[in-house]
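Have a look at the structure below before the remarks.
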Amino acid sequence: MTAASQRGGSFYDSPKIFQRYRDHRHSGAMSPNHVMEEPALLDVLGTVTGLRVLDLGCGDAAIGQTLLDAGCRSYLGLDGSAAMVEAANATLRGTCGRAERADMEDFSAPPSSFDLIISRLALHYVEDLEAVLTACQACLSPGGRIILSVVHPVLSSYDAGTGKPRTNWIVDDYFLKGPRLRNWLGDSVIWFHRTVEDYVAALMNAGFALSALRECAPQEERFDGDLAELARRRRVPLFLLLSGTRI
Ligand SMILES: C[S@@+](CC[C@H](N)C(=O)[O-])C[C@H]1O[C@@H](n2cnc3c(N)ncnc32)[C@H](O)[C@@H]1O
């Protein structure tokens, strides 16, 4: 793989990666997103009625459909992968939502364009997080919110790489922030590691008040009775979710 294809959006344009991601993402009780990240997100989200929503790194925009069904006024998804944007627009067909190809690093919009910005499992692909969050702050309405989830810093710090289902985890180089070439979906991609403290500081420096911090503990009711999988998922944190309110 070339370096370019190891960067966020273009990584997901590989048909093999794209398919593996979607299989993994929509695998019900076996998907950590389903049993850990999504319940925390929905809890922090609250009511979305009437909100204009922007989703950065929207993937196939499955959440867009959910938010529109829940009464949000509009949904715009941006993603760096053309394949993901095509999938997102297929998901959103027949709704007022839409998706466009764009790199988060280039994003800007006029003041008060959105009331809610979400970004799920995408901002650890971005090197200058504070710049992206500052652009988000600038286009939110007064009191608008951002909710973001990322790979937990415990996980992004280091990968001993056993390739087996995770039952424990070695944390190393935790305070060494920066790029990590990681094995993900059977190939290599660059994640940008930062600590929990770095994430909170970036949010606050960009002009947000921290309104929630969740580590996305697994939710038993989502495991379809698979108690062994629940026990395994209780061992290692996978996701960090933060919410900020525009000051
Ligand atoms: C792990 S997927 C998450 C997708 C979706 N948010 C979800 O939860 O299913 C990460 C997404 O971020 C996108 N992405 C990565 N880096 C990006 C960048 N710099 N700009 C825009 N999108 C990016 C990828 O193309 C991919 O769709």
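Ordering of the structure tokens sets the chain letters (A, B, ...), residue numbers begin anew at 1 in every chain, and ligands are numbered from 1 in the order given.
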Contacts of chain A with ligand 1 up to 9 Å, shortest pair per row, only C-alpha atoms and all ligand atoms, as JSON lines:
{"residue": "A:Arg7", "atom": "CA", "partner": "ligand 1", "partner_atom_place_in_ligand_line": "16 (N)", "distance": 6.6}
{"residue": "A:Gly8", "atom": "CA", "partner": "ligand 1", "partner_atom_place_in_ligand_line": "16 (N)", "distance": 3.1}
{"residue": "A:Gly9", "atom": "CA", "partner": "ligand 1", "partner_atom_place_in_ligand_line": "25 (O)", "distance": 3.4}
{"residue": "A:Ser10", "atom": "CA", "partner": "ligand 1", "partner_atom_place_in_ligand_line": "25 (O)", "distance": 6.4}
{"residue": "A:Phe11", "atom": "CA", "partner": "ligand 1", "partner_atom_place_in_ligand_line": "25 (O)", "distance": 6.9}
{"residue": "A:Tyr12", "atom": "CA", "partner": "ligand 1", "partner_atom_place_in_ligand_line": "25 (O)", "distance": 5.2}
{"residue": "A:Asp13", "atom": "CA", "partner": "ligand 1", "partner_atom_place_in_ligand_line": "25 (O)", "distance": 7.4}
{"residue": "A:Phe18", "atom": "CA", "partner": "ligand 1", "partner_atom_place_in_ligand_line": "27 (O)", "distance": 8.6}
{"residue": "A:Tyr21", "atom": "CA", "partner": "ligand 1", "partner_atom_place_in_ligand_line": "1 (C)", "distance": 7.6}
{"residue": "A:Arg22", "atom": "CA", "partner": "ligand 1", "partner_atom_place_in_ligand_line": "9 (O)", "distance": 8.0}
{"residue": "A:Arg25", "atom": "CA", "partner": "ligand 1", "partner_atom_place_in_ligand_line": "9 (O)", "distance": 6.5}
{"residue": "A:His26", "atom": "CA", "partner": "ligand 1", "partner_atom_place_in_ligand_line": "9 (O)", "distance": 8.9}
{"residue": "A:Asn33", "atom": "CA", "partner": "ligand 1", "partner_atom_place_in_ligand_line": "8 (O)", "distance": 7.6}
{"residue": "A:Glu37", "atom": "CA", "partner": "ligand 1", "partner_atom_place_in_ligand_line": "8 (O)", "distance": 9.0}
{"residue": "A:Glu38", "atom": "CA", "partner": "ligand 1", "partner_atom_place_in_ligand_line": "8 (O)", "distance": 8.7}
{"residue": "A:Asp55", "atom": "CA", "partner": "ligand 1", "partner_atom_place_in_ligand_line": "6 (N)", "distance": 7.5}
{"residue": "A:Leu56", "atom": "CA", "partner": "ligand 1", "partner_atom_place_in_ligand_line": "22 (N)", "distance": 6.5}
{"residue": "A:Gly57", "atom": "CA", "partner": "ligand 1", "partner_atom_place_in_ligand_line": "12 (O)", "distance": 3.8}
{"residue": "A:Cys58", "atom": "CA", "partner": "ligand 1", "partner_atom_place_in_ligand_line": "6 (N)", "distance": 4.1}
{"residue": "A:Gly59", "atom": "CA", "partner": "ligand 1", "partner_atom_place_in_ligand_line": "27 (O)", "distance": 3.6}
{"residue": "A:Asp60", "atom": "CA", "partner": "ligand 1", "partner_atom_place_in_ligand_line": "9 (O)", "distance": 6.3}
{"residue": "A:Ala61", "atom": "CA", "partner": "ligand 1", "partner_atom_place_in_ligand_line": "5 (C)", "distance": 6.6}
{"residue": "A:Ala62", "atom": "CA", "partner": "ligand 1", "partner_atom_place_in_ligand_line": "9 (O)", "distance": 7.1}
{"residue": "A:Ile63", "atom": "CA", "partner": "ligand 1", "partner_atom_place_in_ligand_line": "8 (O)", "distance": 7.7}
{"residue": "A:Leu78", "atom": "CA", "partner": "ligand 1", "partner_atom_place_in_ligand_line": "21 (C)", "distance": 6.5}
{"residue": "A:Asp79", "atom": "CA", "partner": "ligand 1", "partner_atom_place_in_ligand_line": "22 (N)", "distance": 3.9}
{"residue": "A:Gly80", "atom": "CA", "partner": "ligand 1", "partner_atom_place_in_ligand_line": "21 (C)", "distance": 3.6}
{"residue": "A:Ser81", "atom": "CA", "partner": "ligand 1", "partner_atom_place_in_ligand_line": "25 (O)", "distance": 4.3}
{"residue": "A:Ala82", "atom": "CA", "partner": "ligand 1", "partner_atom_place_in_ligand_line": "25 (O)", "distance": 7.9}
{"residue": "A:Ala83", "atom": "CA", "partner": "ligand 1", "partner_atom_place_in_ligand_line": "25 (O)", "distance": 8.2}
{"residue": "A:Met84", "atom": "CA", "partner": "ligand 1", "partner_atom_place_in_ligand_line": "27 (O)", "distance": 5.6}
{"residue": "A:Val85", "atom": "CA", "partner": "ligand 1", "partner_atom_place_in_ligand_line": "27 (O)", "distance": 8.0}
{"residue": "A:Arg101", "atom": "CA", "partner": "ligand 1", "partner_atom_place_in_ligand_line": "21 (C)", "distance": 7.6}
{"residue": "A:Ala102", "atom": "CA", "partner": "ligand 1", "partner_atom_place_in_ligand_line": "21 (C)", "distance": 5.7}
{"residue": "A:Asp103", "atom": "CA", "partner": "ligand 1", "partner_atom_place_in_ligand_line": "20 (N)", "distance": 3.4}
{"residue": "A:Met104", "atom": "CA", "partner": "ligand 1", "partner_atom_place_in_ligand_line": "20 (N)", "distance": 3.9}
{"residue": "A:Glu105", "atom": "CA", "partner": "ligand 1", "partner_atom_place_in_ligand_line": "19 (N)", "distance": 6.0}
{"residue": "A:Asp106", "atom": "CA", "partner": "ligand 1", "partner_atom_place_in_ligand_line": "20 (N)", "distance": 8.1}
{"residue": "A:Phe107", "atom": "CA", "partner": "ligand 1", "partner_atom_place_in_ligand_line": "20 (N)", "distance": 8.7}
{"residue": "A:Ile118", "atom": "CA", "partner": "ligand 1", "partner_atom_place_in_ligand_line": "6 (N)", "distance": 8.5}
{"residue": "A:Ser119", "atom": "CA", "partner": "ligand 1", "partner_atom_place_in_ligand_line": "6 (N)", "distance": 6.1}
{"residue": "A:Arg120", "atom": "CA", "partner": "ligand 1", "partner_atom_place_in_ligand_line": "6 (N)", "distance": 4.2}
{"residue": "A:Leu121", "atom": "CA", "partner": "ligand 1", "partner_atom_place_in_ligand_line": "3 (C)", "distance": 4.9}
{"residue": "A:Ala122", "atom": "CA", "partner": "ligand 1", "partner_atom_place_in_ligand_line": "12 (O)", "distance": 4.2}
{"residue": "A:Leu123", "atom": "CA", "partner": "ligand 1", "partner_atom_place_in_ligand_line": "16 (N)", "distance": 7.0}
{"residue": "A:His124", "atom": "CA", "partner": "ligand 1", "partner_atom_place_in_ligand_line": "16 (N)", "distance": 7.9}
{"residue": "A:Tyr125", "atom": "CA", "partner": "ligand 1", "partner_atom_place_in_ligand_line": "16 (N)", "distance": 4.8}
{"residue": "A:Val126", "atom": "CA", "partner": "ligand 1", "partner_atom_place_in_ligand_line": "19 (N)", "distance": 5.5}
{"residue": "A:Glu127", "atom": "CA", "partner": "ligand 1", "partner_atom_place_in_ligand_line": "19 (N)", "distance": 8.6}
{"residue": "A:Ser149", "atom": "CA", "partner": "ligand 1", "partner_atom_place_in_ligand_line": "8 (O)", "distance": 8.6}
{"residue": "A:Val150", "atom": "CA", "partner": "ligand 1", "partner_atom_place_in_ligand_line": "1 (C)", "distance": 8.7}
{"residue": "A:Val151", "atom": "CA", "partner": "ligand 1", "partner_atom_place_in_ligand_line": "1 (C)", "distance": 8.9}
Running DSSP on the backbone, which parts of region 45-188 of chain A land in alpha helix (DSSP H), as a PyMOL selection string?
chain A and resi 45+62-69+82-92+129-139+153-156
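Minimum atom-to-atom distance to Leu241 (chain A), evaluated using only C-alpha atoms, belongs to A:Glu215 out of A:Asp115, A:Glu215, A:Glu229, A:Asp187.
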Please give the complete set of residues from region 105-212 of chain A that DSSP, run on the backbone, assigns to strand (DSSP E), formatted as number ranges by chain.
A: 114-120, 140-151, 178-184, 187-193, 208-212
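In this comparison, which uses only C-alpha atoms, the residue of A:Thr195, A:Ser74, A:Ser27, A:Ser112 approaching Leu54 (chain A) most closely is A:Ser74.
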Residues within 12 Å of Gln219 (chain A), please, as number ranges by chain. Count only C-alpha atoms; anything in the same chain fewer than 5 positions from it doesn't count.
A: 29, 32-40, 43, 224-227, 229-231, 233-234
Using only C-alpha atoms, the residue out of A:Gly143, A:Gly64, A:Gly71, A:Pro179 with shortest distance to Arg93 (chain A) is A:Gly64
Neighbouring residues of Trp184 (chain A) were defined as those with any atom within 10 Å, considering only C-alpha atoms; residues of the same chain fewer than 6 positions away were excluded. Please report them as number ranges by chain.
A: 17, 20-21, 163, 190-191
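Note that the spacing between CA of Ile146 (chain A) and CA of Leu68 (chain A) amounts to 17.4 Å.
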